[in-house]
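Okay, so here's the structure we're looking at.
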Amino acid sequence: MKRNRIYHSRVAPWIFVGPFVVSFGLFTLWPLLQSLVLAFQQTFGPATTRWVGLRNFEYLIGDPLFWQALGNTAQFTLGSLFIQLPVALGLALLLNRPGIRGRGLYRLTFFAPSLVGLPFVAILFGPIFEKRTGLLNAGLHWLTGGAWNPEFAWMQNYVMSSLILAALWMYAGFNMVYFLAALQNVSKELLEAATIDGCNAWQRFRHVVIPEIRPVGGFVVLLSVIGSFQMFELSYILLNNSGGPDNRGLTVVMYLYQTGFLTGDLGYASAIGWVLALLLMGIALLQRHLNRKYEDN
Amino acid sequence: MIPTHTLRAVIYGLLIFFSVLTLIPFAYLVAGALKTKYDFAATLFLPSGDGFLGIGWDRLTLRNFGALLFDFPVPRAMLNSFFYSAVHAVGATLLCAMGGYGLTKLHFPGRSLITGVVLLSLIIPGPLLLAPSFQLLYQLGLLDRYAGLILPGLTPAFGVFLFRQAMLRGVPDELVEAARIDGAGEIRIFLELALPLVRPMIGAFLLISFLGAWNNFIGPQIILQSPELQPLSVALNNLRGVYGTDYGLIMAGTLVSIAPVMCLFLLLQREFISGLTAGAVKG
């Protein structure tokens, strides 16, 4: 009996948590600590390292490519926030109307693109953005009855708009699922009470629906910002494994990849990684702060 | 006030409009996969001709799929993708479920510390770990090997977080205590009591993990160099680099790459969406 109790309190927990702790420690915590060391080193491939102190960060501040990548990434993120999320909410509101027939089918249709996966979306959109024969230009030509013959060089002159468009196709339905779930949780009694009190549709939306779905909204915004800031595959593949003309499609993670794995400087890549991490943590803290402030009011 | 039937017509109109917009790239993909290189450049969707509906059905071809099957390393890449995704999904689900159980139902010193570290690590952006993980895999001699791709992904903090939530909500402490008093061992309680109670989370997490591995690009791109090890995402991008102008071939490759995931999802749709929104809405 006593041996049994010792087994329960000492050994059994580690049978369950042990594999996880070992793997997590080795492949998450150790690299995390190592990234702090690497950020102060210059490396030539994974084997040769040289201590450079704060010079990585000094160089980063004056690195025009890094700032360009950050600007591009911010542009992509804002595009996702201000185009994709309103579309997602709009689709959710349409589907949330009572008595819509075929709701499941519409939801499945809108959601399907997010199953395709970023690398395959990027490959699929390659011919769509093609200048001469691409679907987008040809579609615009067809829509205007042949009057207009656009030859937009999407992947040369409108890189960020194109990437935002591809991401819109892929993620609008994904975010819609969150909004729809939130909308379906809005209390029916509250809506009825508002109607009896003489609120019109807009007032109900503004004063009942919005406050009720706000927590999920905040979650979706944060998820979108964090995801968009780490965008890599879309621009990397659509721009043929490069930053595109004048690096117009270079993102932060792409720059990290180029410095770390093409140039071979894992140190500088880690410095970029830390700036990205601190930026995202800052955004998460800001979101929490705004959230608290809202709830206090 | 807008009449109800007008409003309904507008709503259905918008839904159909957006559905068509969503489906166009899929139609483009399927039609493209069935066309020759020449027809791909000449026609947007299906080539015109004198067949039914004015479409040249006889010009559609399966040659692209034949080429993928026999001339390019796509079957191998597909096997690689299946292997990597399946091992990743099962392994990550098992380790995260075990971790989630241990952190909620068993008492031991260091439990709250481990829980805290795991929850804190949720905010680490993945790209930060790319460079140090690459160095670690180099030191361990795991570069260009499947172990190097699979092992680092087996313990996502997100997974432990999800299973911890599921265990807290779905597995009552009293039930676990009762089973212990009845003399059941921890492993038996885990397998026969806890796991069945969190079954929906297991389904959802298996699917999410499988999808994540299937669509992973940057990991295999960095870790695997040998062409015969590469999964579909990387292999197809390399194929595109060489045969980039043969869009029919590329579209066929994309189609066979996304088809398995689409089928899997259609089979398990319910579990997936419930798992996706569980953390967000109820939490």
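The chains in the structure tokens are called A, B, ... from first to last as shown; in each chain the residues are counted from 1, and the ligands are counted from 1 in the order shown.
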List every residue of range 83-161 of chain A that DSSP, applied to the backbone, labels as helix (DSSP H, G or I), and write the result as a PDB file with C-alpha atoms, in the first residue's frame.
```pdb
ATOM      1  CA  ILE A  83     -10.123  44.182 -45.579  1.00  0.00           C
ATOM      2  CA  GLN A  84     -10.188  40.555 -44.507  1.00  0.00           C
ATOM      3  CA  LEU A  85     -11.834  40.879 -41.074  1.00  0.00           C
ATOM      4  CA  PRO A  86     -14.735  43.127 -42.209  1.00  0.00           C
ATOM      5  CA  VAL A  87     -15.402  40.667 -45.047  1.00  0.00           C
ATOM      6  CA  ALA A  88     -15.286  37.789 -42.551  1.00  0.00           C
ATOM      7  CA  LEU A  89     -17.717  39.548 -40.201  1.00  0.00           C
ATOM      8  CA  GLY A  90     -19.973  40.455 -43.137  1.00  0.00           C
ATOM      9  CA  LEU A  91     -20.153  36.832 -44.296  1.00  0.00           C
ATOM     10  CA  ALA A  92     -20.877  35.697 -40.739  1.00  0.00           C
ATOM     11  CA  LEU A  93     -23.690  38.246 -40.412  1.00  0.00           C
ATOM     12  CA  LEU A  94     -25.212  37.066 -43.699  1.00  0.00           C
ATOM     13  CA  LEU A  95     -25.087  33.443 -42.589  1.00  0.00           C
ATOM     14  CA  ARG A 103     -26.181  27.461 -44.207  1.00  0.00           C
ATOM     15  CA  GLY A 104     -23.846  24.497 -43.763  1.00  0.00           C
ATOM     16  CA  LEU A 105     -23.045  24.410 -47.454  1.00  0.00           C
ATOM     17  CA  TYR A 106     -22.238  28.136 -47.627  1.00  0.00           C
ATOM     18  CA  ARG A 107     -20.121  27.873 -44.495  1.00  0.00           C
ATOM     19  CA  LEU A 108     -18.228  24.934 -45.972  1.00  0.00           C
ATOM     20  CA  THR A 109     -17.688  26.824 -49.244  1.00  0.00           C
ATOM     21  CA  PHE A 110     -16.301  29.912 -47.534  1.00  0.00           C
ATOM     22  CA  PHE A 111     -14.152  27.828 -45.218  1.00  0.00           C
ATOM     23  CA  ALA A 112     -12.703  25.533 -47.896  1.00  0.00           C
ATOM     24  CA  PRO A 113      -9.849  27.817 -49.081  1.00  0.00           C
ATOM     25  CA  SER A 114      -8.236  27.795 -45.632  1.00  0.00           C
ATOM     26  CA  LEU A 115      -7.776  24.031 -45.938  1.00  0.00           C
ATOM     27  CA  LEU A 118      -0.239  28.431 -47.652  1.00  0.00           C
ATOM     28  CA  PRO A 119       2.323  26.817 -49.979  1.00  0.00           C
ATOM     29  CA  PHE A 120      -0.388  25.392 -52.232  1.00  0.00           C
ATOM     30  CA  VAL A 121      -2.368  28.648 -52.230  1.00  0.00           C
ATOM     31  CA  ALA A 122       0.784  30.442 -53.314  1.00  0.00           C
ATOM     32  CA  ILE A 123       1.401  27.945 -56.126  1.00  0.00           C
ATOM     33  CA  LEU A 124      -2.252  28.162 -57.243  1.00  0.00           C
ATOM     34  CA  PHE A 125      -2.224  31.960 -57.318  1.00  0.00           C
ATOM     35  CA  GLY A 126       0.933  32.093 -59.446  1.00  0.00           C
ATOM     36  CA  PRO A 127      -0.922  31.695 -62.782  1.00  0.00           C
ATOM     37  CA  ILE A 128      -3.868  33.752 -61.461  1.00  0.00           C
ATOM     38  CA  LEU A 135      -7.111  34.746 -64.519  1.00  0.00           C
ATOM     39  CA  LEU A 136      -7.310  38.110 -62.751  1.00  0.00           C
ATOM     40  CA  ASN A 137      -6.485  40.292 -65.747  1.00  0.00           C
ATOM     41  CA  ALA A 138      -8.457  38.096 -68.131  1.00  0.00           C
ATOM     42  CA  GLY A 139     -11.394  38.124 -65.710  1.00  0.00           C
ATOM     43  CA  LEU A 140     -11.377  41.929 -65.608  1.00  0.00           C
ATOM     44  CA  HIS A 141     -11.239  41.920 -69.396  1.00  0.00           C
ATOM     45  CA  TRP A 142     -14.273  39.604 -69.539  1.00  0.00           C
ATOM     46  CA  LEU A 143     -16.234  41.572 -66.919  1.00  0.00           C
ATOM     47  CA  TRP A 154       0.483  41.968 -60.306  1.00  0.00           C
ATOM     48  CA  MET A 155       3.596  40.317 -59.007  1.00  0.00           C
ATOM     49  CA  GLN A 156       5.877  43.151 -60.130  1.00  0.00           C
ATOM     50  CA  ASN A 157       4.022  46.405 -59.441  1.00  0.00           C
ATOM     51  CA  VAL A 159       2.990  42.846 -54.929  1.00  0.00           C
ATOM     52  CA  MET A 160       1.429  43.653 -51.567  1.00  0.00           C
ATOM     53  CA  SER A 161      -2.094  44.107 -52.980  1.00  0.00           C
TER      54      SER A 161
END
```
Using only C-alpha atoms, determine which residues of chain B fall within 6 Å of chain A; present them as a PDB file with all heavy atoms, in the first residue's frame.
```
ATOM      1  N   ALA B  41      -2.749  28.391 -71.709  1.00  0.00           N
ATOM      2  CA  ALA B  41      -2.495  29.785 -72.070  1.00  0.00           C
ATOM      3  C   ALA B  41      -3.628  30.347 -72.922  1.00  0.00           C
ATOM      4  O   ALA B  41      -3.911  31.539 -72.884  1.00  0.00           O
ATOM      5  CB  ALA B  41      -1.161  29.893 -72.809  1.00  0.00           C
ATOM      6  N   LEU B  95       1.450  12.985 -26.921  1.00  0.00           N
ATOM      7  CA  LEU B  95       2.277  13.674 -25.930  1.00  0.00           C
ATOM      8  C   LEU B  95       1.513  14.826 -25.273  1.00  0.00           C
ATOM      9  O   LEU B  95       1.618  15.052 -24.071  1.00  0.00           O
ATOM     10  CB  LEU B  95       3.563  14.205 -26.575  1.00  0.00           C
ATOM     11  CG  LEU B  95       4.659  13.179 -26.803  1.00  0.00           C
ATOM     12  CD1 LEU B  95       5.933  13.856 -27.262  1.00  0.00           C
ATOM     13  CD2 LEU B  95       4.942  12.387 -25.533  1.00  0.00           C
ATOM     14  N   MET B  98      -1.130  13.382 -22.877  1.00  0.00           N
ATOM     15  CA  MET B  98      -0.484  12.908 -21.652  1.00  0.00           C
ATOM     16  C   MET B  98      -0.062  14.087 -20.789  1.00  0.00           C
ATOM     17  O   MET B  98      -0.287  14.093 -19.570  1.00  0.00           O
ATOM     18  CB  MET B  98       0.740  12.053 -22.001  1.00  0.00           C
ATOM     19  CG  MET B  98       0.391  10.636 -22.422  1.00  0.00           C
ATOM     20  SD  MET B  98       1.764   9.793 -23.248  1.00  0.00           S
ATOM     21  CE  MET B  98       3.000   9.828 -21.957  1.00  0.00           C
ATOM     22  N   GLY B  99       0.541  15.093 -21.410  1.00  0.00           N
ATOM     23  CA  GLY B  99       0.957  16.276 -20.665  1.00  0.00           C
ATOM     24  C   GLY B  99      -0.241  16.968 -20.029  1.00  0.00           C
ATOM     25  O   GLY B  99      -0.202  17.343 -18.858  1.00  0.00           O
ATOM     26  N   GLY B 102      -1.407  14.921 -17.033  1.00  0.00           N
ATOM     27  CA  GLY B 102      -0.479  15.023 -15.901  1.00  0.00           C
ATOM     28  C   GLY B 102      -0.570  16.376 -15.214  1.00  0.00           C
ATOM     29  O   GLY B 102      -0.514  16.461 -13.989  1.00  0.00           O
ATOM     30  N   LEU B 106      -2.769  15.042 -11.785  1.00  0.00           N
ATOM     31  CA  LEU B 106      -1.776  14.460 -10.898  1.00  0.00           C
ATOM     32  C   LEU B 106      -1.086  15.585 -10.137  1.00  0.00           C
ATOM     33  O   LEU B 106      -0.923  16.686 -10.652  1.00  0.00           O
ATOM     34  CB  LEU B 106      -0.742  13.670 -11.718  1.00  0.00           C
ATOM     35  CG  LEU B 106      -1.309  12.496 -12.513  1.00  0.00           C
ATOM     36  CD1 LEU B 106      -0.282  11.969 -13.482  1.00  0.00           C
ATOM     37  CD2 LEU B 106      -1.782  11.394 -11.572  1.00  0.00           C
ATOM     38  N   PRO B 125       6.902  33.463 -31.002  1.00  0.00           N
ATOM     39  CA  PRO B 125       6.608  33.253 -32.424  1.00  0.00           C
ATOM     40  C   PRO B 125       7.541  32.189 -33.002  1.00  0.00           C
ATOM     41  O   PRO B 125       8.743  32.206 -32.735  1.00  0.00           O
ATOM     42  CB  PRO B 125       6.862  34.625 -33.049  1.00  0.00           C
ATOM     43  CG  PRO B 125       7.713  35.361 -32.091  1.00  0.00           C
ATOM     44  CD  PRO B 125       7.549  34.747 -30.734  1.00  0.00           C
ATOM     45  N   LEU B 128      11.211  32.686 -34.451  1.00  0.00           N
ATOM     46  CA  LEU B 128      12.331  32.973 -33.554  1.00  0.00           C
ATOM     47  C   LEU B 128      13.174  31.719 -33.326  1.00  0.00           C
ATOM     48  O   LEU B 128      14.384  31.800 -33.142  1.00  0.00           O
ATOM     49  CB  LEU B 128      11.795  33.518 -32.214  1.00  0.00           C
ATOM     50  CG  LEU B 128      12.812  33.723 -31.096  1.00  0.00           C
ATOM     51  CD1 LEU B 128      13.880  34.725 -31.506  1.00  0.00           C
ATOM     52  CD2 LEU B 128      12.130  34.197 -29.825  1.00  0.00           C
ATOM     53  N   ALA B 131      16.416  29.604 -36.351  1.00  0.00           N
ATOM     54  CA  ALA B 131      17.880  29.580 -36.388  1.00  0.00           C
ATOM     55  C   ALA B 131      18.468  28.702 -35.278  1.00  0.00           C
ATOM     56  O   ALA B 131      19.284  27.814 -35.566  1.00  0.00           O
ATOM     57  CB  ALA B 131      18.429  31.008 -36.322  1.00  0.00           C
ATOM     58  N   PRO B 132      18.081  28.898 -34.000  1.00  0.00           N
ATOM     59  CA  PRO B 132      18.664  28.036 -32.961  1.00  0.00           C
ATOM     60  C   PRO B 132      18.294  26.568 -33.124  1.00  0.00           C
ATOM     61  O   PRO B 132      19.120  25.698 -32.802  1.00  0.00           O
ATOM     62  CB  PRO B 132      18.108  28.605 -31.662  1.00  0.00           C
ATOM     63  CG  PRO B 132      16.953  29.437 -32.039  1.00  0.00           C
ATOM     64  CD  PRO B 132      17.228  29.937 -33.415  1.00  0.00           C
ATOM     65  N   SER B 133      17.085  26.259 -33.631  1.00  0.00           N
ATOM     66  CA  SER B 133      16.719  24.853 -33.826  1.00  0.00           C
ATOM     67  C   SER B 133      17.585  24.232 -34.911  1.00  0.00           C
ATOM     68  O   SER B 133      17.997  23.078 -34.801  1.00  0.00           O
ATOM     69  CB  SER B 133      15.248  24.725 -34.227  1.00  0.00           C
ATOM     70  OG  SER B 133      14.435  25.286 -33.244  1.00  0.00           O
ATOM     71  N   GLN B 135      20.602  25.064 -35.635  1.00  0.00           N
ATOM     72  CA  GLN B 135      21.912  24.822 -35.045  1.00  0.00           C
ATOM     73  C   GLN B 135      21.889  23.569 -34.162  1.00  0.00           C
ATOM     74  O   GLN B 135      22.789  22.727 -34.224  1.00  0.00           O
ATOM     75  CB  GLN B 135      22.338  26.044 -34.229  1.00  0.00           C
ATOM     76  CG  GLN B 135      23.823  26.054 -33.931  1.00  0.00           C
ATOM     77  CD  GLN B 135      24.204  27.183 -33.001  1.00  0.00           C
ATOM     78  OE1 GLN B 135      23.430  27.574 -32.126  1.00  0.00           O
ATOM     79  NE2 GLN B 135      25.391  27.725 -33.185  1.00  0.00           N
ATOM     80  N   PRO B 152      11.199  17.953 -33.160  1.00  0.00           N
ATOM     81  CA  PRO B 152      10.973  19.282 -32.575  1.00  0.00           C
ATOM     82  C   PRO B 152       9.503  19.695 -32.552  1.00  0.00           C
ATOM     83  O   PRO B 152       9.126  20.568 -31.766  1.00  0.00           O
ATOM     84  CB  PRO B 152      11.769  20.219 -33.505  1.00  0.00           C
ATOM     85  CG  PRO B 152      12.765  19.350 -34.159  1.00  0.00           C
ATOM     86  CD  PRO B 152      12.101  18.015 -34.315  1.00  0.00           C
ATOM     87  N   THR B 155       5.855  18.567 -29.350  1.00  0.00           N
ATOM     88  CA  THR B 155       5.273  19.139 -28.137  1.00  0.00           C
ATOM     89  C   THR B 155       4.913  20.607 -28.309  1.00  0.00           C
ATOM     90  O   THR B 155       5.521  21.479 -27.710  1.00  0.00           O
ATOM     91  CB  THR B 155       6.256  19.015 -26.957  1.00  0.00           C
ATOM     92  OG1 THR B 155       7.558  19.373 -27.431  1.00  0.00           O
ATOM     93  CG2 THR B 155       6.274  17.618 -26.411  1.00  0.00           C
ATOM     94  N   ASN B 215       0.780  20.999 -44.559  1.00  0.00           N
ATOM     95  CA  ASN B 215       0.976  22.314 -45.171  1.00  0.00           C
ATOM     96  C   ASN B 215       2.245  23.010 -44.697  1.00  0.00           C
ATOM     97  O   ASN B 215       2.476  24.164 -45.029  1.00  0.00           O
ATOM     98  CB  ASN B 215      -0.228  23.212 -44.883  1.00  0.00           C
ATOM     99  CG  ASN B 215      -1.486  22.691 -45.540  1.00  0.00           C
ATOM    100  OD1 ASN B 215      -1.428  22.052 -46.584  1.00  0.00           O
ATOM    101  ND2 ASN B 215      -2.622  22.952 -44.918  1.00  0.00           N
ATOM    102  N   ILE B 258      -3.708  18.854 -52.579  1.00  0.00           N
ATOM    103  CA  ILE B 258      -4.725  19.322 -51.643  1.00  0.00           C
ATOM    104  C   ILE B 258      -5.890  18.344 -51.531  1.00  0.00           C
ATOM    105  O   ILE B 258      -6.644  18.398 -50.563  1.00  0.00           O
ATOM    106  CB  ILE B 258      -5.234  20.732 -51.997  1.00  0.00           C
ATOM    107  CG1 ILE B 258      -6.019  20.733 -53.304  1.00  0.00           C
ATOM    108  CG2 ILE B 258      -4.093  21.724 -52.061  1.00  0.00           C
ATOM    109  CD1 ILE B 258      -6.667  22.069 -53.589  1.00  0.00           C
TER     110      ILE B 258
END
```
Pairwise distance for CA of Ala153 in chain A and CA of Leu165 in chain A, rounded to one decimal in Å: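 Distance reported for this atom pair: 14.4 Å.
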What separates CA of Gln221 in chain B and CA of Asn237 in chain B is a distance of 9.9 Å
Å distance separating CA of Val234 in chain B from CA of Phe72 in chain B, one decimal place: 13.4 Å
Can you pull out every residue within 7 Å of range 113-123 of chain B, counting only C-alpha atoms, but drop anything in the same chain fewer than 3 positions away, and send it as JSON, numbers by chain? {"A": [281], "B": [103, 110, 157, 158, 161]}
